[in-house]
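Below is my_file-v6.cif, holding mmCIF, C-alpha atoms.
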```
data_upload
loop_
_atom_site.group_PDB
_atom_site.id
_atom_site.type_symbol
_atom_site.label_atom_id
_atom_site.label_comp_id
_atom_site.auth_asym_id
_atom_site.auth_seq_id
_atom_site.Cartn_x
_atom_site.Cartn_y
_atom_site.Cartn_z
ATOM 1 C CA THR L 1 58.844 100.083 116.875
ATOM 2 C CA PHE L 2 61.536 102.393 115.491
ATOM 3 C CA MET L 3 64.379 99.912 115.949
ATOM 4 C CA LEU L 4 62.377 96.859 114.932
ATOM 5 C CA ARG L 5 61.585 98.477 111.576
ATOM 6 C CA ILE L 6 65.217 99.515 111.143
ATOM 7 C CA ILE L 7 66.460 96.007 111.895
ATOM 8 C CA LEU L 8 63.909 94.454 109.536
ATOM 9 C CA LEU L 9 65.229 96.529 106.671
ATOM 10 C CA LEU L 10 68.799 95.741 107.673
ATOM 11 C CA THR L 11 68.038 92.045 107.637
ATOM 12 C CA LEU L 12 66.544 92.285 104.157
ATOM 13 C CA SER L 13 69.552 94.210 102.805
ATOM 14 C CA ILE L 14 71.819 92.741 100.154
ATOM 15 C CA LEU L 15 74.600 90.499 101.431
ATOM 16 C CA PHE L 16 77.633 92.492 100.374
ATOM 17 C CA SER L 17 80.987 90.938 99.471
ATOM 18 C CA PHE L 18 83.754 91.307 102.033
ATOM 19 C CA ASN L 19 85.880 93.744 100.060
ATOM 20 C CA GLN L 20 83.197 96.269 101.006
ATOM 21 C CA THR L 21 82.951 95.236 104.650
ATOM 22 C CA ILE L 22 85.739 97.519 105.886
ATOM 23 C CA ALA L 23 83.647 100.471 104.847
ATOM 24 C CA CYS L 24 81.338 103.148 106.185
ATOM 25 C CA SER L 25 78.364 105.253 105.154
ATOM 26 C CA ILE L 26 77.357 108.651 106.546
ATOM 27 C CA LEU L 27 74.244 110.776 105.999
ATOM 28 C CA TYR L 28 73.740 114.360 107.230
ATOM 29 C CA PHE L 29 70.202 115.632 106.666
ATOM 30 C CA VAL L 30 68.428 118.937 107.371
ATOM 31 C CA ASP L 31 64.624 118.866 107.362
ATOM 32 C CA GLN L 32 63.436 121.616 105.021
ATOM 33 C CA GLU L 33 60.150 121.924 106.929
ATOM 34 C CA ASN L 34 61.400 122.629 110.450
ATOM 35 C CA GLY L 35 65.189 122.896 110.145
ATOM 36 C CA LYS L 36 65.909 119.920 112.398
ATOM 37 C CA ILE L 37 69.282 118.267 111.773
ATOM 38 C CA TYR L 38 70.092 114.567 111.750
ATOM 39 C CA ILE L 39 73.202 112.475 111.145
ATOM 40 C CA VAL L 40 73.387 108.691 110.730
ATOM 41 C CA ASN L 41 76.507 106.540 110.410
ATOM 42 C CA ASN L 42 76.983 102.861 109.571
ATOM 43 C CA GLU L 43 80.379 101.779 110.905
ATOM 44 C CA ASP L 44 81.466 98.651 109.043
ATOM 45 C CA TYR L 45 84.369 96.674 110.467
ATOM 46 C CA TRP L 46 85.461 93.395 112.068
ATOM 47 C CA TYR L 47 82.959 92.020 114.558
ATOM 48 C CA ASP L 48 85.649 91.009 117.058
ATOM 49 C CA GLU L 49 86.638 94.653 117.626
ATOM 50 C CA ASP L 50 85.951 95.871 121.177
ATOM 51 C CA ALA L 51 84.006 99.006 120.312
ATOM 52 C CA TYR L 52 82.638 101.325 122.975
ATOM 53 C CA LEU L 53 81.096 104.731 123.683
ATOM 54 C CA GLN L 54 83.208 107.242 125.593
ATOM 55 C CA PHE L 55 81.707 110.273 127.318
ATOM 56 C CA MET L 56 84.030 113.100 128.335
ATOM 57 C CA PRO L 57 82.596 115.924 130.477
ATOM 58 C CA SER L 58 83.316 119.572 129.869
ATOM 59 C CA SER L 59 86.166 121.290 131.672
ATOM 60 C CA LYS L 60 87.547 124.795 131.879
ATOM 61 C CA ASP L 61 89.137 124.408 128.447
ATOM 62 C CA THR L 62 87.126 121.647 126.725
ATOM 63 C CA TYR L 63 83.577 120.904 125.588
ATOM 64 C CA ALA L 64 81.569 117.883 126.674
ATOM 65 C CA ARG L 65 81.563 115.187 124.003
ATOM 66 C CA LEU L 66 80.518 111.623 123.235
ATOM 67 C CA TRP L 67 82.565 109.550 120.840
ATOM 68 C CA TYR L 68 82.526 105.968 119.656
ATOM 69 C CA GLY L 69 85.346 103.788 118.438
ATOM 70 C CA TRP L 70 87.971 101.397 119.796
ATOM 71 C CA ASP L 71 91.591 101.234 120.980
ATOM 72 C CA LYS L 72 91.367 104.722 122.539
ATOM 73 C CA PHE L 73 90.628 106.215 119.132
ATOM 74 C CA ALA L 74 87.397 108.014 118.188
ATOM 75 C CA GLN L 75 85.900 106.848 114.890
ATOM 76 C CA GLY L 76 83.040 109.347 115.176
ATOM 77 C CA GLY L 77 81.262 111.498 117.727
ATOM 78 C CA VAL L 78 79.287 114.582 118.741
ATOM 79 C CA ASN L 79 79.829 117.375 121.258
ATOM 80 C CA GLU L 80 77.642 119.681 123.353
ATOM 81 C CA HIS L 81 77.465 122.264 120.561
ATOM 82 C CA GLY L 82 76.159 119.769 117.999
ATOM 83 C CA LEU L 83 79.417 119.380 116.080
ATOM 84 C CA CYS L 84 79.745 115.857 114.680
ATOM 85 C CA PHE L 85 82.543 114.118 112.867
ATOM 86 C CA ASP L 86 83.081 110.786 111.182
ATOM 87 C CA GLY L 87 85.258 109.240 108.505
ATOM 88 C CA ALA L 88 85.230 106.626 105.776
ATOM 89 C CA VAL L 89 87.995 104.683 104.068
ATOM 90 C CA THR L 90 88.833 105.760 100.502
ATOM 91 C CA PRO L 91 91.449 104.857 97.874
ATOM 92 C CA GLU L 92 95.000 105.831 98.896
ATOM 93 C CA GLN L 93 96.125 109.328 97.958
ATOM 94 C CA GLU L 94 99.126 111.577 98.487
ATOM 95 C CA ILE L 95 98.656 114.109 101.293
ATOM 96 C CA PRO L 96 100.054 117.652 101.171
ATOM 97 C CA GLU L 97 103.701 118.185 102.027
ATOM 98 C CA GLY L 98 104.201 119.034 105.696
ATOM 99 C CA TYR L 99 100.975 117.290 106.776
ATOM 100 C CA LYS L 100 100.636 114.011 108.659
ATOM 101 C CA GLY L 101 98.047 111.496 109.760
ATOM 102 C CA PRO L 102 96.854 111.170 113.382
ATOM 103 C CA ASN L 103 99.818 108.867 114.176
ATOM 104 C CA GLY L 104 98.254 107.544 117.367
ATOM 105 C CA ARG L 105 96.676 110.831 118.454
ATOM 106 C CA ASN L 106 92.973 110.697 119.266
ATOM 107 C CA ILE L 107 92.375 113.560 116.864
ATOM 108 C CA GLY L 108 88.581 113.164 116.864
ATOM 109 C CA ASP L 109 88.399 113.632 120.620
ATOM 110 C CA GLU L 110 90.703 116.653 120.404
ATOM 111 C CA LEU L 111 88.545 118.222 117.705
ATOM 112 C CA LEU L 112 85.272 117.710 119.587
ATOM 113 C CA ALA L 113 86.860 119.060 122.770
ATOM 114 C CA SER L 114 87.838 122.366 121.181
ATOM 115 C CA CYS L 115 85.504 123.150 118.237
ATOM 116 C CA LYS L 116 81.876 124.296 117.984
ATOM 117 C CA THR L 117 81.266 124.443 114.238
ATOM 118 C CA VAL L 118 82.318 122.962 110.914
ATOM 119 C CA GLU L 119 84.355 126.081 110.204
ATOM 120 C CA GLU L 120 86.240 125.697 113.485
ATOM 121 C CA GLY L 121 86.780 121.988 112.782
ATOM 122 C CA ILE L 122 88.348 122.726 109.396
ATOM 123 C CA ALA L 123 90.591 125.357 110.996
ATOM 124 C CA PHE L 124 91.596 122.893 113.740
ATOM 125 C CA LEU L 125 92.728 120.245 111.249
ATOM 126 C CA GLU L 126 94.606 122.900 109.277
ATOM 127 C CA GLU L 127 96.334 124.242 112.382
ATOM 128 C CA LYS L 128 97.413 120.734 113.424
ATOM 129 C CA LYS L 129 98.443 119.916 109.815
ATOM 130 C CA ILE L 130 96.332 116.744 109.864
ATOM 131 C CA ALA L 131 95.481 114.984 106.597
ATOM 132 C CA LEU L 132 94.270 111.464 105.780
ATOM 133 C CA ALA L 133 95.875 109.460 102.997
ATOM 134 C CA ASN L 134 93.288 106.671 102.840
ATOM 135 C CA ALA L 135 90.054 108.229 104.121
ATOM 136 C CA HIS L 136 87.904 111.309 103.919
ATOM 137 C CA PHE L 137 86.776 113.295 106.956
ATOM 138 C CA PHE L 138 83.133 114.259 107.522
ATOM 139 C CA LEU L 139 82.074 117.278 109.599
ATOM 140 C CA GLY L 140 78.524 118.427 110.360
ATOM 141 C CA ASP L 141 77.230 120.911 112.929
ATOM 142 C CA GLY L 142 74.112 122.221 114.633
ATOM 143 C CA GLU L 143 73.901 125.229 112.328
ATOM 144 C CA GLY L 144 73.080 123.185 109.232
ATOM 145 C CA ASN L 145 76.590 123.111 107.777
ATOM 146 C CA ALA L 146 78.352 119.960 106.612
ATOM 147 C CA VAL L 147 81.493 119.240 104.587
ATOM 148 C CA ILE L 148 83.680 116.355 103.511
ATOM 149 C CA LEU L 149 87.448 116.903 103.547
ATOM 150 C CA GLU L 150 89.544 114.949 101.063
ATOM 151 C CA TRP L 151 93.272 115.113 100.372
ATOM 152 C CA ILE L 152 93.993 114.263 96.745
ATOM 153 C CA GLU L 153 97.297 114.439 94.879
ATOM 154 C CA GLY L 154 98.799 116.612 97.587
ATOM 155 C CA GLU L 155 95.921 119.110 97.804
ATOM 156 C CA LYS L 156 93.007 119.541 100.203
ATOM 157 C CA GLN L 157 89.523 119.414 98.694
ATOM 158 C CA ILE L 158 86.416 120.592 100.572
ATOM 159 C CA ILE L 159 83.088 119.202 99.382
ATOM 160 C CA GLN L 160 80.270 121.394 100.701
ATOM 161 C CA LYS L 161 76.718 120.276 101.439
ATOM 162 C CA GLU L 162 74.486 121.176 98.513
ATOM 163 C CA GLY L 163 70.820 121.477 99.289
ATOM 164 C CA ASN L 164 69.745 119.860 102.539
ATOM 165 C CA TYR L 165 71.903 116.717 102.726
ATOM 166 C CA LEU L 166 75.407 115.328 102.359
ATOM 167 C CA ILE L 167 76.373 111.665 101.883
ATOM 168 C CA ALA L 168 79.722 109.886 102.151
ATOM 169 C CA THR L 169 80.640 106.267 101.496
ATOM 170 C CA ASN L 170 83.986 104.960 100.272
ATOM 171 C CA TYR L 171 84.839 106.775 97.086
ATOM 172 C CA LEU L 172 86.426 110.189 96.747
ATOM 173 C CA LEU L 173 83.745 112.667 95.743
ATOM 174 C CA ALA L 174 86.369 114.967 94.223
ATOM 175 C CA LYS L 175 87.995 112.081 92.318
ATOM 176 C CA PRO L 176 85.544 109.186 91.874
ATOM 177 C CA GLU L 177 87.711 107.560 89.206
ATOM 178 C CA ALA L 178 90.251 106.668 91.936
ATOM 179 C CA GLY L 179 88.108 103.657 92.890
ATOM 180 C CA ASN L 180 85.039 102.277 94.701
ATOM 181 C CA TYR L 181 82.799 104.054 92.194
ATOM 182 C CA PRO L 182 79.990 103.759 91.279
ATOM 183 C CA CYS L 183 78.776 102.944 94.790
ATOM 184 C CA TYR L 184 75.361 101.350 95.150
ATOM 185 C CA ARG L 185 75.353 102.100 98.890
ATOM 186 C CA TYR L 186 75.662 105.819 98.106
ATOM 187 C CA ASN L 187 72.956 105.503 95.461
ATOM 188 C CA SER L 188 70.682 103.616 97.870
ATOM 189 C CA ILE L 189 70.908 106.375 100.471
ATOM 190 C CA GLN L 190 70.435 109.128 97.899
ATOM 191 C CA GLU L 191 67.330 107.520 96.410
ATOM 192 C CA ARG L 192 65.706 107.233 99.846
ATOM 193 C CA VAL L 193 66.658 110.800 100.772
ATOM 194 C CA LYS L 194 64.997 112.102 97.616
ATOM 195 C CA GLN L 195 61.810 110.344 98.687
ATOM 196 C CA LEU L 196 62.023 112.027 102.096
ATOM 197 C CA GLU L 197 62.254 115.412 100.411
ATOM 198 C CA LEU L 198 58.908 114.840 98.698
ATOM 199 C CA GLN L 199 56.873 114.343 101.854
ATOM 200 C CA ALA L 200 54.909 117.273 103.270
ATOM 201 C CA GLU L 201 55.108 116.375 106.955
ATOM 202 C CA PRO L 202 58.266 116.859 109.092
ATOM 203 C CA VAL L 203 60.939 114.178 108.815
ATOM 204 C CA THR L 204 61.752 112.028 111.867
ATOM 205 C CA LEU L 205 64.971 110.433 113.107
ATOM 206 C CA GLN L 206 63.428 107.069 112.291
ATOM 207 C CA GLN L 207 62.895 108.053 108.659
ATOM 208 C CA VAL L 208 66.437 109.379 108.265
ATOM 209 C CA GLY L 209 67.672 106.152 109.810
ATOM 210 C CA MET L 210 65.643 104.156 107.321
ATOM 211 C CA ALA L 211 67.194 106.152 104.485
ATOM 212 C CA ALA L 212 70.646 105.026 105.600
ATOM 213 C CA ALA L 213 69.605 101.460 106.432
ATOM 214 C CA GLY L 214 69.924 100.185 102.873
ATOM 215 C CA ALA L 215 73.686 100.742 103.081
ATOM 216 C CA VAL L 216 74.379 98.484 106.058
ATOM 217 C CA GLN L 217 76.386 95.298 105.698
ATOM 218 C CA VAL L 218 74.979 92.071 107.072
ATOM 219 C CA PRO L 219 77.636 90.120 109.039
ATOM 220 C CA LYS L 220 79.608 87.741 106.883
ATOM 221 C CA GLU L 221 82.374 85.277 107.717
ATOM 222 C CA VAL L 222 85.360 85.323 105.406
ATOM 223 C CA GLY L 223 88.202 82.949 104.634
ATOM 224 C CA ASN L 224 90.360 83.904 107.603
ATOM 225 C CA GLY L 225 87.593 82.946 110.024
ATOM 226 C CA LYS L 226 86.805 86.539 110.964
ATOM 227 C CA THR L 227 83.362 88.076 110.645
ATOM 228 C CA GLY L 228 82.860 91.547 109.216
ATOM 229 C CA GLY L 229 79.834 93.772 108.770
ATOM 230 C CA THR L 230 78.136 96.785 110.312
ATOM 231 C CA LEU L 231 79.737 96.949 113.752
ATOM 232 C CA TYR L 232 77.285 99.634 114.869
ATOM 233 C CA THR L 233 74.915 102.251 113.496
ATOM 234 C CA SER L 234 74.567 105.604 115.234
ATOM 235 C CA PHE L 235 71.514 107.867 114.869
ATOM 236 C CA ILE L 236 71.677 111.462 116.127
ATOM 237 C CA ASN L 237 68.990 114.126 116.222
ATOM 238 C CA ILE L 238 71.386 117.047 116.681
ATOM 239 C CA SER L 239 68.596 119.591 117.161
ATOM 240 C CA ASP L 240 66.870 117.783 120.042
ATOM 241 C CA GLY L 241 69.858 115.974 121.565
ATOM 242 C CA GLU L 242 68.579 112.468 120.817
ATOM 243 C CA PHE L 243 71.142 109.667 120.398
ATOM 244 C CA VAL L 244 70.511 106.042 119.440
ATOM 245 C CA LEU L 245 73.103 103.344 118.700
ATOM 246 C CA VAL L 246 72.472 99.817 117.433
ATOM 247 C CA PRO L 247 75.438 97.451 117.881
ATOM 248 C CA LYS L 248 75.874 94.682 115.289
ATOM 249 C CA LEU L 249 72.336 95.148 113.904
ATOM 250 C CA ASN L 250 70.978 93.821 117.214
ATOM 251 C CA ASN L 251 67.810 95.649 118.295
ATOM 252 C CA GLU L 252 67.878 93.858 121.659
ATOM 253 C CA LYS L 253 70.969 95.859 122.664
ATOM 254 C CA VAL L 254 69.964 99.323 121.488
ATOM 255 C CA ILE L 255 71.528 102.199 123.436
ATOM 256 C CA LYS L 256 69.505 105.412 123.792
ATOM 257 C CA LEU L 257 70.890 108.582 125.370
ATOM 258 C CA ASP L 258 69.564 112.063 126.051
ATOM 259 C CA LEU L 259 72.555 114.146 124.969
ATOM 260 C CA ASN L 260 71.356 117.267 126.786
ATOM 261 C CA SER L 261 71.347 115.382 130.092
ATOM 262 C CA LEU L 262 74.544 113.502 129.316
ATOM 263 C CA PHE L 263 76.534 116.634 128.491
ATOM 264 C CA ALA L 264 75.567 118.121 131.871
ATOM 265 C CA GLU L 265 77.219 115.226 133.733
ATOM 266 C CA LYS L 266 80.520 115.833 135.506
ATOM 267 C CA LYS L 267 82.159 112.390 135.389
ATOM 268 C CA LYS L 268 83.472 110.590 132.345
ATOM 269 C CA ARG L 269 82.099 107.170 131.578
ATOM 270 C CA LYS L 270 82.552 104.332 129.145
ATOM 271 C CA ILE L 271 79.817 102.140 127.682
ATOM 272 C CA LYS L 272 80.974 98.907 126.091
ATOM 273 C CA LEU L 273 79.213 97.589 122.998
ATOM 274 C CA ASP L 274 78.677 93.843 123.163
#
```
Once more with this new file: its structure as structure tokens, please.
Amino acid sequence: TFMLRIILLLTLSILFSFNQTIACSILYFVDQENGKIYIVNNEDYWYDEDAYLQFMPSSKDTYARLWYGWDKFAQGGVNEHGLCFDGAVTPEQEIPEGYKGPNGRNIGDELLASCKTVEEGIAFLEEKKIALANAHFFLGDGEGNAVILEWIEGEKQIIQKEGNYLIATNYLLAKPEAGNYPCYRYNSIQERVKQLELQAEPVTLQQVGMAAAGAVQVPKEVGNGKTGGTLYTSFINISDGEFVLVPKLNNEKVIKLDLNSLFAEKKKRKIKLD
């Protein structure tokens, strides 16, 4: 099955050292054959974190959205218009003067509630004067646009999707020499994506998921007794409204959602990830 093959590859992945466990990898991919859009994220963190999915219905002033994270803070998500966001830790940088981090605000939820496209998402962050000192911010939408926002030496940098895909891990694309580079997780995803581009038949969500699978982190216990690794992997077919999430590389607890049906619901709900 789809998930069994994904998990098999995850299990065979390299056992990464812990200094890479608090990490993340993101792939946005547009099929050149049929234009379908996919995004996959490996969220790497401590295994004792109480992660969950949060669905928020639309209202008079907000869009329906689904986000995932913990402590009332969205780490990534998607809304009814196909706008997705995520983030990944990067080396510390100086943010522009007059800007600030989220500071407890659930900025991801706010963005998904009010924006339809990448362009609107960029404008939202600019209006709110939000910048990240130790992470870059990934935006992708249902129109085939994707960018990575980085704030380096007091200036905002926008890395645009070139061709039909965009990848983010944990180094600054606009300043790789700052650290975490070269990144074999980035290279692993890129090599698999290039293979996808060679095939004649349409690409599937499973195949895009497999391209990102080589970047997962198998759970590993460290000196403080905590276990870190890929806390969950999310797979989204933005074009068809298909959502799959695998918590802790466990294919027995896969969550599958029809986003088109979900976004029509009128009550908010929370799904805990065991």
Enumerate, in order of chain and increasing residue number, the residues of region 133-168 of chain L with an atom no farther than 10 Å from region 221-239 of chain L, each with its shortest atom pair and distance in Å to one decimal, counting only C-alpha atoms, as a tab-separated table.
```
residue	atom	partner	partner_atom	distance
L:Gly140	CA	L:Ile238	CA	9.6
L:Asp141	CA	L:Ile238	CA	7.9
L:Gly142	CA	L:Ile238	CA	6.2
L:Glu143	CA	L:Ser239	CA	9.1
L:Gly144	CA	L:Ser239	CA	9.8
```
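For the atom pair formed by CA of Arg269 (chain L) and CA of Phe85 (chain L), the distance is 20.0 Å, given to one decimal.
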Name all residues at most 12 Å from Asn42 (chain L) (count all atoms listed in the file; drop same-chain ones fewer than 3 positions away) and give them as a PyMOL selection string. chain L and resi 10+21-27+39+45+68+75-76+86-88+167-170+185-186+189+209-218+229-235+245-249
What residues come out when you apply the PyMOL selection byres ((chain L and resi 129) around 10) to this file, written as a ChimeraX atom specification? /L:96-102,123-128,130-131
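If you measure from each of L:Tyr28, L:Gln199, L:Glu252, L:Glu94 to Gln160 (chain L) using all atoms listed in the file, the closest one turns out to be L:Tyr28.
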Could you state which residues are captured by the PyMOL selection byres ((chain L and resi 33) around 10) in this file, as a PyMOL selection string? chain L and resi 30-32+34-36+197+199-203
To one decimal place, how far is CA of Ile107 (chain L) from CA of Asn145 (chain L) in Å? 20.6 Å
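For the set L:Glu191, L:Glu150, L:Asp240, L:Glu265, the residue with the smallest atom-to-atom gap to Thr204 (chain L) is L:Asp240, counting all atoms listed in the file.
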Expand the PyMOL selection byres ((chain L and resi 158) around 8) into the explicit residue set it covers here, and present it as an MDAnalysis selection string. chainID L and resid 147:150 156:157 159:160
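Restricting the calculation to only C-alpha atoms, the smallest distance between Gly179 (chain L) and any of L:Asn134, L:Asp274, L:Lys194, L:Gly69 is found for L:Asn134.
Of note, CA of Leu112 (chain L) and CA of Tyr63 (chain L) are spaced 7.0 Å apart.
In terms of minimum interatomic distance to Lys161 (chain L), L:Val118 ranks closest within L:Lys175, L:Val118, L:Ile255, L:Ala133, counting all atoms listed in the file.
Minimum distance to Leu259 (chain L) across L:Ile37, L:Leu66, L:Ala135, L:Met56 (counting all atoms listed in the file) occurs at L:Leu66.
Nearest to Tyr52 (chain L) of all the residues L:Glu177, L:Ile271, L:Leu111, L:Lys116 is L:Ile271, counting only C-alpha atoms.
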